[in-house]
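Q: This is the content of entry-v4.cif (mmCIF, C-alpha atoms):
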```
data_coords
#
loop_
_atom_site.group_PDB
_atom_site.id
_atom_site.type_symbol
_atom_site.label_atom_id
_atom_site.label_comp_id
_atom_site.auth_asym_id
_atom_site.auth_seq_id
_atom_site.Cartn_x
_atom_site.Cartn_y
_atom_site.Cartn_z
ATOM 1 C CA MET A 2 -11.003 7.265 -9.502
ATOM 2 C CA ALA A 3 -8.724 9.908 -11.045
ATOM 3 C CA GLN A 4 -5.945 11.089 -8.755
ATOM 4 C CA SER A 5 -5.290 14.792 -8.313
ATOM 5 C CA ILE A 6 -1.840 16.031 -9.351
ATOM 6 C CA ARG A 7 -2.034 18.925 -6.893
ATOM 7 C CA ARG A 8 0.739 19.301 -4.340
ATOM 8 C CA MET A 9 -1.971 20.271 -1.859
ATOM 9 C CA LYS A 10 -5.378 18.698 -2.348
ATOM 10 C CA LEU A 11 -8.454 20.712 -1.428
ATOM 11 C CA GLY A 12 -11.536 19.620 0.467
ATOM 12 C CA VAL A 13 -14.715 21.416 1.518
ATOM 13 C CA MET A 14 -16.866 20.857 4.607
ATOM 14 C CA PRO A 15 -20.414 22.274 4.496
ATOM 15 C CA GLY A 16 -22.463 22.554 7.670
ATOM 16 C CA LEU A 17 -24.857 19.723 8.481
ATOM 17 C CA SER A 18 -26.514 21.392 11.487
ATOM 18 C CA GLU A 19 -29.782 23.306 11.760
ATOM 19 C CA ILE A 20 -28.001 26.573 10.921
ATOM 20 C CA GLY A 21 -25.271 25.016 8.800
ATOM 21 C CA PHE A 22 -26.547 25.985 5.359
ATOM 22 C CA ASN A 23 -26.285 29.771 5.541
ATOM 23 C CA GLY A 24 -28.409 29.973 8.669
ATOM 24 C CA ARG A 25 -30.865 27.170 7.993
ATOM 25 C CA ALA A 26 -30.938 23.394 8.115
ATOM 26 C CA PRO A 27 -29.796 21.776 4.869
ATOM 27 C CA ARG A 28 -32.132 19.330 3.216
ATOM 28 C CA PHE A 29 -30.573 16.337 1.510
ATOM 29 C CA GLY A 30 -31.148 18.069 -1.814
ATOM 30 C CA ASP A 31 -28.992 20.957 -0.601
ATOM 31 C CA MET A 32 -26.145 18.615 0.329
ATOM 32 C CA ARG A 33 -26.455 16.786 -2.972
ATOM 33 C CA ALA A 34 -26.260 20.092 -4.854
ATOM 34 C CA ALA A 35 -23.252 21.171 -2.751
ATOM 35 C CA ALA A 36 -21.403 17.897 -3.360
ATOM 36 C CA LEU A 37 -22.062 17.972 -7.098
ATOM 37 C CA LEU A 38 -20.977 21.619 -7.337
ATOM 38 C CA ALA A 39 -17.837 20.907 -5.297
ATOM 39 C CA GLU A 40 -17.042 18.065 -7.666
ATOM 40 C CA GLN A 41 -17.687 20.288 -10.687
ATOM 41 C CA VAL A 42 -15.459 23.192 -9.577
ATOM 42 C CA GLY A 43 -12.541 20.897 -8.745
ATOM 43 C CA PHE A 44 -12.511 20.096 -5.040
ATOM 44 C CA ASP A 45 -10.779 16.810 -4.231
ATOM 45 C CA SER A 46 -12.847 15.913 -1.180
ATOM 46 C CA PHE A 47 -16.161 16.594 0.563
ATOM 47 C CA TRP A 48 -16.556 16.254 4.332
ATOM 48 C CA LEU A 49 -19.341 16.302 6.890
ATOM 49 C CA ALA A 50 -19.171 16.584 10.676
ATOM 50 C CA ASP A 51 -20.172 13.713 12.972
ATOM 51 C CA HIS A 52 -22.250 15.091 15.837
ATOM 52 C CA LEU A 53 -25.642 14.290 17.332
ATOM 53 C CA ILE A 54 -26.594 17.587 18.960
ATOM 54 C CA TYR A 55 -24.874 20.837 19.934
ATOM 55 C CA ARG A 56 -25.533 22.251 23.415
ATOM 56 C CA PHE A 57 -23.409 25.152 24.615
ATOM 57 C CA PRO A 58 -24.041 27.642 27.443
ATOM 58 C CA GLU A 59 -25.732 30.857 26.287
ATOM 59 C CA ARG A 60 -26.336 29.494 22.791
ATOM 60 C CA ASP A 61 -29.430 28.060 21.167
ATOM 61 C CA GLU A 62 -29.471 24.279 20.941
ATOM 62 C CA GLN A 63 -28.738 22.931 17.466
ATOM 63 C CA GLY A 64 -29.596 19.592 15.957
ATOM 64 C CA ILE A 65 -27.632 17.963 13.145
ATOM 65 C CA TRP A 66 -28.247 15.225 10.603
ATOM 66 C CA GLU A 67 -26.619 11.795 11.037
ATOM 67 C CA VAL A 68 -23.438 11.837 8.999
ATOM 68 C CA PHE A 69 -23.142 8.293 7.631
ATOM 69 C CA THR A 70 -26.715 8.301 6.329
ATOM 70 C CA PHE A 71 -26.003 11.483 4.380
ATOM 71 C CA LEU A 72 -22.611 10.249 3.163
ATOM 72 C CA GLY A 73 -24.214 7.093 1.778
ATOM 73 C CA GLY A 74 -26.637 9.184 -0.255
ATOM 74 C CA LEU A 75 -23.887 11.488 -1.502
ATOM 75 C CA ALA A 76 -21.632 8.575 -2.426
ATOM 76 C CA ALA A 77 -24.371 7.292 -4.709
ATOM 77 C CA VAL A 78 -24.876 10.564 -6.618
ATOM 78 C CA THR A 79 -21.244 11.723 -7.050
ATOM 79 C CA SER A 80 -18.616 10.155 -9.282
ATOM 80 C CA ARG A 81 -15.152 11.673 -8.674
ATOM 81 C CA ILE A 82 -14.876 13.469 -5.350
ATOM 82 C CA SER A 83 -13.729 11.691 -2.171
ATOM 83 C CA LEU A 84 -16.141 11.757 0.772
ATOM 84 C CA GLY A 85 -15.846 11.204 4.490
ATOM 85 C CA PRO A 86 -16.662 12.255 8.048
ATOM 86 C CA LEU A 87 -14.375 14.836 9.653
ATOM 87 C CA VAL A 88 -14.166 13.113 11.992
ATOM 88 C CA ALA A 89 -16.361 10.170 13.002
ATOM 89 C CA CYS A 90 -16.611 9.752 16.765
ATOM 90 C CA THR A 91 -15.809 6.134 17.618
ATOM 91 C CA SER A 92 -17.853 6.489 20.818
ATOM 92 C CA PHE A 93 -21.125 6.714 18.879
ATOM 93 C CA ARG A 94 -21.020 3.337 17.130
ATOM 94 C CA ASN A 95 -19.769 -0.143 17.888
ATOM 95 C CA PRO A 96 -16.296 -0.250 16.277
ATOM 96 C CA ALA A 97 -16.857 -3.471 14.338
ATOM 97 C CA LEU A 98 -20.102 -2.075 12.957
ATOM 98 C CA LEU A 99 -18.305 1.180 12.121
ATOM 99 C CA ALA A 100 -15.766 -0.787 10.081
ATOM 100 C CA LYS A 101 -18.643 -2.575 8.333
ATOM 101 C CA MET A 102 -20.256 0.775 7.526
ATOM 102 C CA ALA A 103 -16.972 2.132 6.165
ATOM 103 C CA ASP A 104 -16.494 -0.919 3.947
ATOM 104 C CA SER A 105 -20.047 -0.558 2.631
ATOM 105 C CA LEU A 106 -19.430 3.123 1.862
ATOM 106 C CA ASP A 107 -16.237 2.107 0.084
ATOM 107 C CA GLU A 108 -18.453 -0.034 -2.134
ATOM 108 C CA ILE A 109 -21.128 2.620 -2.750
ATOM 109 C CA SER A 110 -18.503 5.249 -3.586
ATOM 110 C CA ASP A 111 -16.405 2.887 -5.730
ATOM 111 C CA GLY A 112 -13.335 3.471 -3.569
ATOM 112 C CA ARG A 113 -13.828 7.197 -2.833
ATOM 113 C CA PHE A 114 -14.671 6.945 0.868
ATOM 114 C CA VAL A 115 -12.217 8.196 3.516
ATOM 115 C CA LEU A 116 -12.741 7.221 7.173
ATOM 116 C CA GLY A 117 -11.937 10.134 9.469
ATOM 117 C CA LEU A 118 -11.810 9.075 13.137
ATOM 118 C CA GLY A 119 -11.637 10.851 16.478
ATOM 119 C CA ALA A 120 -12.344 10.254 20.161
ATOM 120 C CA GLY A 121 -15.103 12.868 20.562
ATOM 121 C CA TRP A 122 -15.264 15.877 22.869
ATOM 122 C CA HIS A 123 -18.782 17.351 23.284
ATOM 123 C CA GLU A 124 -20.141 15.864 26.521
ATOM 124 C CA PRO A 125 -23.783 17.039 26.167
ATOM 125 C CA GLU A 126 -24.373 14.851 23.123
ATOM 126 C CA TYR A 127 -22.955 11.836 24.971
ATOM 127 C CA THR A 128 -25.372 12.481 27.822
ATOM 128 C CA ALA A 129 -28.363 13.091 25.545
ATOM 129 C CA PHE A 130 -27.848 9.922 23.497
ATOM 130 C CA GLY A 131 -26.706 7.658 26.349
ATOM 131 C CA TYR A 132 -23.007 7.149 25.589
ATOM 132 C CA PRO A 133 -20.330 6.990 28.301
ATOM 133 C CA PHE A 134 -18.033 10.030 28.324
ATOM 134 C CA ASP A 135 -15.273 8.543 30.507
ATOM 135 C CA HIS A 136 -11.962 7.086 29.264
ATOM 136 C CA ARG A 137 -12.538 8.378 25.734
ATOM 137 C CA VAL A 138 -8.939 7.859 24.616
ATOM 138 C CA GLY A 139 -8.830 4.365 26.117
ATOM 139 C CA ARG A 140 -12.032 3.514 24.293
ATOM 140 C CA PHE A 141 -10.649 5.075 21.116
ATOM 141 C CA GLU A 142 -7.492 2.961 21.346
ATOM 142 C CA GLU A 143 -9.526 -0.235 21.659
ATOM 143 C CA ALA A 144 -11.812 0.835 18.811
ATOM 144 C CA LEU A 145 -8.773 1.252 16.553
ATOM 145 C CA GLN A 146 -7.609 -2.245 17.452
ATOM 146 C CA ILE A 147 -10.864 -3.513 15.964
ATOM 147 C CA ILE A 148 -11.456 -1.087 13.101
ATOM 148 C CA VAL A 149 -7.958 -1.081 11.596
ATOM 149 C CA PRO A 150 -7.381 -4.854 11.275
ATOM 150 C CA LEU A 151 -10.937 -5.389 10.069
ATOM 151 C CA LEU A 152 -10.485 -2.865 7.262
ATOM 152 C CA ARG A 153 -6.908 -3.804 6.419
ATOM 153 C CA GLU A 154 -7.122 -7.600 6.745
ATOM 154 C CA GLY A 155 -10.843 -8.379 6.887
ATOM 155 C CA HIS A 156 -10.625 -10.174 10.233
ATOM 156 C CA VAL A 157 -10.112 -9.456 13.920
ATOM 157 C CA ASP A 158 -10.357 -11.371 17.191
ATOM 158 C CA PHE A 159 -10.198 -8.878 20.048
ATOM 159 C CA ALA A 160 -11.440 -8.617 23.622
ATOM 160 C CA GLY A 161 -10.684 -5.489 25.629
ATOM 161 C CA GLN A 162 -12.020 -3.572 28.591
ATOM 162 C CA TYR A 163 -14.568 -1.599 26.578
ATOM 163 C CA TYR A 164 -15.120 -3.496 23.309
ATOM 164 C CA GLU A 165 -14.820 -6.947 21.876
ATOM 165 C CA ALA A 166 -15.095 -8.474 18.423
ATOM 166 C CA ARG A 167 -14.567 -12.232 18.513
ATOM 167 C CA ASN A 168 -13.697 -13.960 15.247
ATOM 168 C CA CYS A 169 -15.206 -11.001 13.388
ATOM 169 C CA VAL A 170 -14.920 -10.755 9.607
ATOM 170 C CA LEU A 171 -15.823 -8.269 6.881
ATOM 171 C CA ARG A 172 -17.568 -10.023 3.999
ATOM 172 C CA PRO A 173 -18.091 -9.106 1.210
ATOM 173 C CA ARG A 174 -15.425 -6.436 0.693
ATOM 174 C CA GLY A 175 -15.532 -3.124 -1.112
ATOM 175 C CA PRO A 176 -13.222 -2.236 -4.012
ATOM 176 C CA SER A 177 -10.330 -0.875 -1.916
ATOM 177 C CA ARG A 178 -8.040 -3.818 -1.289
ATOM 178 C CA SER A 179 -7.076 -2.714 2.233
ATOM 179 C CA GLY A 180 -10.169 -0.688 3.007
ATOM 180 C CA PRO A 181 -10.574 3.095 2.904
ATOM 181 C CA PRO A 182 -7.807 5.458 4.077
ATOM 182 C CA ILE A 183 -7.995 6.385 7.765
ATOM 183 C CA TRP A 184 -7.571 9.990 8.902
ATOM 184 C CA ILE A 185 -7.230 10.714 12.608
ATOM 185 C CA GLY A 186 -7.824 14.090 14.214
ATOM 186 C CA ALA A 187 -5.637 14.524 17.298
ATOM 187 C CA GLY A 188 -3.762 17.052 19.401
ATOM 188 C CA LYS A 189 -2.527 15.578 22.679
ATOM 189 C CA PRO A 190 0.443 13.171 23.066
ATOM 190 C CA ARG A 191 -1.473 9.921 23.566
ATOM 191 C CA MET A 192 -3.786 10.606 20.634
ATOM 192 C CA LEU A 193 -0.803 11.566 18.491
ATOM 193 C CA GLU A 194 0.873 8.245 19.264
ATOM 194 C CA LEU A 195 -2.284 6.413 18.200
ATOM 195 C CA THR A 196 -2.253 8.495 15.020
ATOM 196 C CA ALA A 197 1.369 7.541 14.445
ATOM 197 C CA ARG A 198 0.558 3.845 14.873
ATOM 198 C CA TYR A 199 -2.656 3.559 12.892
ATOM 199 C CA ALA A 200 -3.412 6.511 10.601
ATOM 200 C CA ASP A 201 -2.866 7.054 6.908
ATOM 201 C CA ALA A 202 -3.348 10.798 7.444
ATOM 202 C CA TYR A 203 -3.207 13.230 10.361
ATOM 203 C CA ASN A 204 -5.648 16.126 10.631
ATOM 204 C CA THR A 205 -5.160 19.301 12.662
ATOM 205 C CA VAL A 206 -7.785 22.100 12.840
ATOM 206 C CA TRP A 207 -8.714 25.045 12.825
ATOM 207 C CA HIS A 208 -5.940 27.375 11.718
ATOM 208 C CA VAL A 209 -5.699 30.939 10.415
ATOM 209 C CA GLU A 210 -1.973 31.388 9.781
ATOM 210 C CA PRO A 211 0.201 28.843 7.968
ATOM 211 C CA GLU A 212 2.852 28.848 10.705
ATOM 212 C CA GLU A 213 0.268 27.450 13.133
ATOM 213 C CA VAL A 214 0.579 23.960 11.628
ATOM 214 C CA ALA A 215 4.308 23.683 12.396
ATOM 215 C CA GLU A 216 3.813 22.699 16.040
ATOM 216 C CA PRO A 217 1.226 19.926 15.524
ATOM 217 C CA PHE A 218 3.138 18.526 12.554
ATOM 218 C CA ALA A 219 6.360 18.458 14.606
ATOM 219 C CA ALA A 220 4.490 16.774 17.473
ATOM 220 C CA LEU A 221 3.249 14.091 15.087
ATOM 221 C CA ASP A 222 6.764 13.532 13.739
ATOM 222 C CA ALA A 223 7.998 13.103 17.312
ATOM 223 C CA ALA A 224 5.221 10.592 17.997
ATOM 224 C CA CYS A 225 6.231 8.688 14.859
ATOM 225 C CA ALA A 226 9.803 8.531 16.157
ATOM 226 C CA ARG A 227 8.567 7.096 19.469
ATOM 227 C CA VAL A 228 6.575 4.320 17.821
ATOM 228 C CA GLY A 229 9.028 3.604 14.984
ATOM 229 C CA ARG A 230 6.876 4.877 12.085
ATOM 230 C CA ASP A 231 8.205 6.855 9.154
ATOM 231 C CA PRO A 232 6.431 10.259 9.375
ATOM 232 C CA LYS A 233 6.470 10.476 5.581
ATOM 233 C CA ALA A 234 4.038 7.544 5.544
ATOM 234 C CA ILE A 235 1.353 9.765 7.085
ATOM 235 C CA THR A 236 -0.303 12.490 5.008
ATOM 236 C CA HIS A 237 -0.287 15.873 6.753
ATOM 237 C CA THR A 238 -3.709 17.526 6.529
ATOM 238 C CA ALA A 239 -5.245 20.619 8.100
ATOM 239 C CA GLY A 240 -8.514 22.524 8.311
ATOM 240 C CA VAL A 241 -9.270 26.234 7.989
ATOM 241 C CA HIS A 242 -12.311 28.521 8.032
ATOM 242 C CA VAL A 243 -12.524 30.791 4.989
ATOM 243 C CA ARG A 244 -14.934 33.683 4.421
ATOM 244 C CA MET A 245 -15.094 34.410 0.728
ATOM 245 C CA LEU A 246 -15.747 38.123 0.301
ATOM 246 C CA ALA A 247 -17.740 39.500 -2.572
ATOM 247 C CA ARG A 248 -15.883 42.014 -4.725
ATOM 248 C CA GLY A 249 -15.415 45.180 -2.689
ATOM 249 C CA GLU A 250 -16.574 43.635 0.587
ATOM 250 C CA GLN A 251 -14.349 44.311 3.605
ATOM 251 C CA PRO A 252 -13.209 41.848 6.293
ATOM 252 C CA ARG A 253 -14.765 42.141 9.737
ATOM 253 C CA ALA A 254 -12.777 43.473 12.671
ATOM 254 C CA ASN A 255 -10.841 40.825 14.631
ATOM 255 C CA GLU A 256 -11.856 38.062 12.238
ATOM 256 C CA ARG A 257 -10.548 34.667 13.406
ATOM 257 C CA ARG A 258 -10.641 33.099 9.992
ATOM 258 C CA ILE A 259 -9.143 33.642 6.583
ATOM 259 C CA ALA A 260 -11.193 36.323 4.842
ATOM 260 C CA GLY A 261 -10.720 37.932 1.474
ATOM 261 C CA GLU A 262 -11.401 37.995 -2.227
ATOM 262 C CA PRO A 263 -10.074 35.051 -4.263
ATOM 263 C CA GLU A 264 -6.576 36.444 -4.864
ATOM 264 C CA ALA A 265 -5.966 37.115 -1.161
ATOM 265 C CA VAL A 266 -7.355 33.738 -0.096
ATOM 266 C CA ALA A 267 -5.260 31.910 -2.690
ATOM 267 C CA GLU A 268 -2.115 33.647 -1.460
ATOM 268 C CA LYS A 269 -2.845 32.643 2.147
ATOM 269 C CA LEU A 270 -3.478 29.035 1.131
ATOM 270 C CA ARG A 271 -0.176 28.962 -0.740
ATOM 271 C CA GLY A 272 1.377 29.530 2.679
ATOM 272 C CA PHE A 273 -0.276 26.383 4.027
ATOM 273 C CA ARG A 274 1.021 24.440 1.057
ATOM 274 C CA ALA A 275 4.536 25.750 1.718
ATOM 275 C CA ALA A 276 4.164 24.777 5.389
ATOM 276 C CA GLY A 277 3.739 21.124 4.443
ATOM 277 C CA VAL A 278 -0.029 20.726 4.286
ATOM 278 C CA GLU A 279 -0.799 18.013 1.747
ATOM 279 C CA HIS A 280 -4.583 18.159 1.966
ATOM 280 C CA LEU A 281 -6.433 21.272 3.164
ATOM 281 C CA VAL A 282 -10.107 21.174 4.192
ATOM 282 C CA VAL A 283 -11.984 24.473 4.115
ATOM 283 C CA VAL A 284 -15.162 25.433 5.944
ATOM 284 C CA LEU A 285 -16.653 28.187 3.821
ATOM 285 C CA GLU A 286 -18.711 31.272 4.477
ATOM 286 C CA PRO A 287 -21.158 31.827 2.840
ATOM 287 C CA SER A 288 -21.933 28.258 3.839
ATOM 288 C CA ASP A 289 -24.282 27.481 0.971
ATOM 289 C CA LEU A 290 -23.586 27.101 -2.738
ATOM 290 C CA THR A 291 -22.434 30.718 -2.966
ATOM 291 C CA GLY A 292 -19.314 29.962 -0.924
ATOM 292 C CA ILE A 293 -18.382 27.042 -3.184
ATOM 293 C CA GLU A 294 -18.999 29.170 -6.285
ATOM 294 C CA ARG A 295 -16.744 31.956 -4.974
ATOM 295 C CA PHE A 296 -14.029 29.505 -3.950
ATOM 296 C CA ALA A 297 -13.913 28.092 -7.482
ATOM 297 C CA GLU A 298 -11.743 31.059 -8.460
ATOM 298 C CA VAL A 299 -9.331 30.247 -5.614
ATOM 299 C CA ILE A 300 -8.995 26.710 -6.970
ATOM 300 C CA ALA A 301 -8.249 28.077 -10.432
ATOM 301 C CA LEU A 302 -5.579 30.420 -9.055
ATOM 302 C CA LEU A 303 -3.898 27.655 -7.043
ATOM 303 C CA ASP A 304 -3.966 25.311 -10.016
ATOM 304 C CA GLU A 305 -2.085 27.870 -12.072
ATOM 305 C CA ASP A 306 0.896 27.183 -9.784
ATOM 306 C CA GLU A 307 0.991 23.477 -10.596
#
```
For this file, produce the structure as structure tokens.
A:
Amino acid sequence: MAQSIRRMKLGVMPGLSEIGFNGRAPRFGDMRAAALLAEQVGFDSFWLADHLIYRFPERDEQGIWEVFTFLGGLAAVTSRISLGPLVACTSFRNPALLAKMADSLDEISDGRFVLGLGAGWHEPEYTAFGYPFDHRVGRFEEALQIIVPLLREGHVDFAGQYYEARNCVLRPRGPSRSGPPIWIGAGKPRMLELTARYADAYNTVWHVEPEEVAEPFAALDAACARVGRDPKAITHTAGVHVRMLARGEQPRANERRIAGEPEAVAEKLRGFRAAGVEHLVVVLEPSDLTGIERFAEVIALLDEDE
């Protein structure tokens, strides 16, 4: 897989929910077309959310496709772009099985899979699908103690309060010698310490101004100091929402996202690069192929700086 020379890599995250593809549910053909277009215009990575259902007060219920099933299909039809969940909820799958799935996706993608992990947060989907919502960080910590050694070393023997994997092995192995990279999305101190111990990359979302990443990045560096990890060993990543305006279109009032024509968006993203973001994931509006097509000009403008 060719490595990007960009100082700040760029990823895109289309919507996988019932309204995620410009107001409608994407079919697999839509996601395939989006992934291939993202690869064509120069994105480095392609991400999908891991949820089971969305239920919020005073909003219509939304379903969503299962992320690993879709990622397996996309891994088979793309050739350059990295793919992963942003982020996979360790509560939804047995951690040893999750490691097995990640290793299999590493194989299908020929080393392009990235395993994003998080502890979960949306209680209604836990209730609907029968998962316990208590002690999520404790469960996450135990899951990491299974997932990480399995992917890195191919073996684990662990028994905890919530999970166990006794004399568990990964065989056969995918092409990545130590398994896929692990991204962790976190914000609070205990989760940041787990990120410092186990992650290859740290992800913080969703930001509008570049200066907003300073606090979470500093908190991660402090967590690294507490656990004795070099913060430079962890890639600093972030996520933003971007509304790509057509020529002459005006931003909405009180817009809590980056909005503009390509030149304005590129200038804002340069600020994130200057703030230390090494990999930026964008959620685009329009959320169908039009958004990716419009963002292609942003990629070209940013690449002129390299």
Q: For His237 in chain A, list every protein, DNA or RNA residue within 10 Å, evaluated using only C-alpha atoms, and leave out those in the same chain fewer than 2 positions away; present the list as an NGL selection string.
A: :A and (9 or 184 or 201-205 or 214 or 217-218 or 221 or 232-235 or 239 or 277-281)
Q: Would you list the residues near (-12.8, 6.2, 17.6) (no more than 12 Å away, in the coordinates of the file, using only C-alpha atoms) as an MDAnalysis selection string?
A: chainID A and resid 51 86:100 116:122 136:149 164 183:187 192 195:196 199:200
Q: Hey, can you spit out that residue selection with C-alpha atoms as a PDB file, keeping the file's coordinate frame?
A:
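What landed in selection_17.pdb:
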```
ATOM      1  CA  ASP A  51     -20.172  13.713  12.972  1.00  0.00           C
ATOM      2  CA  PRO A  86     -16.662  12.255   8.048  1.00  0.00           C
ATOM      3  CA  LEU A  87     -14.375  14.836   9.653  1.00  0.00           C
ATOM      4  CA  VAL A  88     -14.166  13.113  11.992  1.00  0.00           C
ATOM      5  CA  ALA A  89     -16.361  10.170  13.002  1.00  0.00           C
ATOM      6  CA  CYS A  90     -16.611   9.752  16.765  1.00  0.00           C
ATOM      7  CA  THR A  91     -15.809   6.134  17.618  1.00  0.00           C
ATOM      8  CA  SER A  92     -17.853   6.489  20.818  1.00  0.00           C
ATOM      9  CA  PHE A  93     -21.125   6.714  18.879  1.00  0.00           C
ATOM     10  CA  ARG A  94     -21.020   3.337  17.130  1.00  0.00           C
ATOM     11  CA  ASN A  95     -19.769  -0.143  17.888  1.00  0.00           C
ATOM     12  CA  PRO A  96     -16.296  -0.250  16.277  1.00  0.00           C
ATOM     13  CA  ALA A  97     -16.857  -3.471  14.338  1.00  0.00           C
ATOM     14  CA  LEU A  98     -20.102  -2.075  12.957  1.00  0.00           C
ATOM     15  CA  LEU A  99     -18.305   1.180  12.121  1.00  0.00           C
ATOM     16  CA  ALA A 100     -15.766  -0.787  10.081  1.00  0.00           C
ATOM     17  CA  LEU A 116     -12.741   7.221   7.173  1.00  0.00           C
ATOM     18  CA  GLY A 117     -11.937  10.134   9.469  1.00  0.00           C
ATOM     19  CA  LEU A 118     -11.810   9.075  13.137  1.00  0.00           C
ATOM     20  CA  GLY A 119     -11.637  10.851  16.478  1.00  0.00           C
ATOM     21  CA  ALA A 120     -12.344  10.254  20.161  1.00  0.00           C
ATOM     22  CA  GLY A 121     -15.103  12.868  20.562  1.00  0.00           C
ATOM     23  CA  TRP A 122     -15.264  15.877  22.869  1.00  0.00           C
ATOM     24  CA  HIS A 136     -11.962   7.086  29.264  1.00  0.00           C
ATOM     25  CA  ARG A 137     -12.538   8.378  25.734  1.00  0.00           C
ATOM     26  CA  VAL A 138      -8.939   7.859  24.616  1.00  0.00           C
ATOM     27  CA  GLY A 139      -8.830   4.365  26.117  1.00  0.00           C
ATOM     28  CA  ARG A 140     -12.032   3.514  24.293  1.00  0.00           C
ATOM     29  CA  PHE A 141     -10.649   5.075  21.116  1.00  0.00           C
ATOM     30  CA  GLU A 142      -7.492   2.961  21.346  1.00  0.00           C
ATOM     31  CA  GLU A 143      -9.526  -0.235  21.659  1.00  0.00           C
ATOM     32  CA  ALA A 144     -11.812   0.835  18.811  1.00  0.00           C
ATOM     33  CA  LEU A 145      -8.773   1.252  16.553  1.00  0.00           C
ATOM     34  CA  GLN A 146      -7.609  -2.245  17.452  1.00  0.00           C
ATOM     35  CA  ILE A 147     -10.864  -3.513  15.964  1.00  0.00           C
ATOM     36  CA  ILE A 148     -11.456  -1.087  13.101  1.00  0.00           C
ATOM     37  CA  VAL A 149      -7.958  -1.081  11.596  1.00  0.00           C
ATOM     38  CA  TYR A 164     -15.120  -3.496  23.309  1.00  0.00           C
ATOM     39  CA  ILE A 183      -7.995   6.385   7.765  1.00  0.00           C
ATOM     40  CA  TRP A 184      -7.571   9.990   8.902  1.00  0.00           C
ATOM     41  CA  ILE A 185      -7.230  10.714  12.608  1.00  0.00           C
ATOM     42  CA  GLY A 186      -7.824  14.090  14.214  1.00  0.00           C
ATOM     43  CA  ALA A 187      -5.637  14.524  17.298  1.00  0.00           C
ATOM     44  CA  MET A 192      -3.786  10.606  20.634  1.00  0.00           C
ATOM     45  CA  LEU A 195      -2.284   6.413  18.200  1.00  0.00           C
ATOM     46  CA  THR A 196      -2.253   8.495  15.020  1.00  0.00           C
ATOM     47  CA  TYR A 199      -2.656   3.559  12.892  1.00  0.00           C
ATOM     48  CA  ALA A 200      -3.412   6.511  10.601  1.00  0.00           C
TER      49      ALA A 200
END
```
Q: Please evaluate the PyMOL selection byres ((chain A and resi 177-180) around 9) against the structure above and give the resulting residues as a ChimeraX atom specification.
A: /A:103-104,107-108,111-113,149,151-155,174-176,181-183
Q: Would you work out the distance separating CA of Gly188 in chain A from CA of Ile82 in chain A, expressed in Å to one decimal?
A: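 According to the coordinates, CA of Gly188 in chain A and CA of Ile82 in chain A are separated by 27.4 Å.
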Q: Might you spell out which residues the PyMOL selection byres ((chain A and resi 45) around 12) would select in the displayed file, as a count of residues only?
A: 41
Q: Pick the closest to Leu53 in chain A from A:Arg167, A:His123, A:His156, A:Arg230: which is it, counting all atoms listed in the file?
A: A:His123
Q: Using CA of Phe130 in chain A and CA of Phe57 in chain A as the two end points, give the distance in Å to one decimal.
A: 15.9 Å
Q: Name all residues at most 8 Å from Gly16 in chain A (count only C-alpha atoms; drop same-chain ones fewer than 2 positions away) and give them as a list of chain:residue names.
A: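 In the requested form, the answer reads A:Met14, A:Ser18, A:Ile20, A:Gly21, A:Phe22, A:Pro27, A:Leu49, A:Ala50, A:Ser288.
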Q: Report, in Å to a single decimal, how far apart CA of Asp304 in chain A and CA of Glu250 in chain A are.
A: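 Computed distance, CA of Glu250 in chain A to CA of Asp304 in chain A, equals 24.6 Å.
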Q: Emit as AutoDock Vina command-line options the padded axis-aligned box for all listed atoms of range 215-234 of chain A, 6 Å per side, with centre and edge lengths in Å to one decimal.
A:
```
--center_x 5.5 --center_y 13.6 --center_z 12.5 --size_x 20.6 --size_y 32.1 --size_z 25.9
```
Q: Please enumerate the residues selected by the PyMOL selection byres ((chain A and resi 289) around 12) when evaluated against the supplied file, formatted as a PyMOL selection string.
A: chain A and resi 13-17+20-28+30-36+38-39+244-245+284-288+290-296
Q: May I have the residues from that selection written out with C-alpha atoms, as a short mmCIF file (atom, residue, chain, number, x, y, z; two decimals), keeping the file's coordinate frame?
A:
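Just written: again28.cif:
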```cif
data_model
loop_
_atom_site.label_atom_id
_atom_site.label_comp_id
_atom_site.auth_asym_id
_atom_site.auth_seq_id
_atom_site.Cartn_x
_atom_site.Cartn_y
_atom_site.Cartn_z
CA VAL A 13 -14.72 21.42 1.52
CA MET A 14 -16.87 20.86 4.61
CA PRO A 15 -20.41 22.27 4.50
CA GLY A 16 -22.46 22.55 7.67
CA LEU A 17 -24.86 19.72 8.48
CA ILE A 20 -28.00 26.57 10.92
CA GLY A 21 -25.27 25.02 8.80
CA PHE A 22 -26.55 25.98 5.36
CA ASN A 23 -26.28 29.77 5.54
CA GLY A 24 -28.41 29.97 8.67
CA ARG A 25 -30.86 27.17 7.99
CA ALA A 26 -30.94 23.39 8.12
CA PRO A 27 -29.80 21.78 4.87
CA ARG A 28 -32.13 19.33 3.22
CA GLY A 30 -31.15 18.07 -1.81
CA ASP A 31 -28.99 20.96 -0.60
CA MET A 32 -26.14 18.61 0.33
CA ARG A 33 -26.46 16.79 -2.97
CA ALA A 34 -26.26 20.09 -4.85
CA ALA A 35 -23.25 21.17 -2.75
CA ALA A 36 -21.40 17.90 -3.36
CA LEU A 38 -20.98 21.62 -7.34
CA ALA A 39 -17.84 20.91 -5.30
CA ARG A 244 -14.93 33.68 4.42
CA MET A 245 -15.09 34.41 0.73
CA VAL A 284 -15.16 25.43 5.94
CA LEU A 285 -16.65 28.19 3.82
CA GLU A 286 -18.71 31.27 4.48
CA PRO A 287 -21.16 31.83 2.84
CA SER A 288 -21.93 28.26 3.84
CA LEU A 290 -23.59 27.10 -2.74
CA THR A 291 -22.43 30.72 -2.97
CA GLY A 292 -19.31 29.96 -0.92
CA ILE A 293 -18.38 27.04 -3.18
CA GLU A 294 -19.00 29.17 -6.28
CA ARG A 295 -16.74 31.96 -4.97
CA PHE A 296 -14.03 29.50 -3.95
#
```
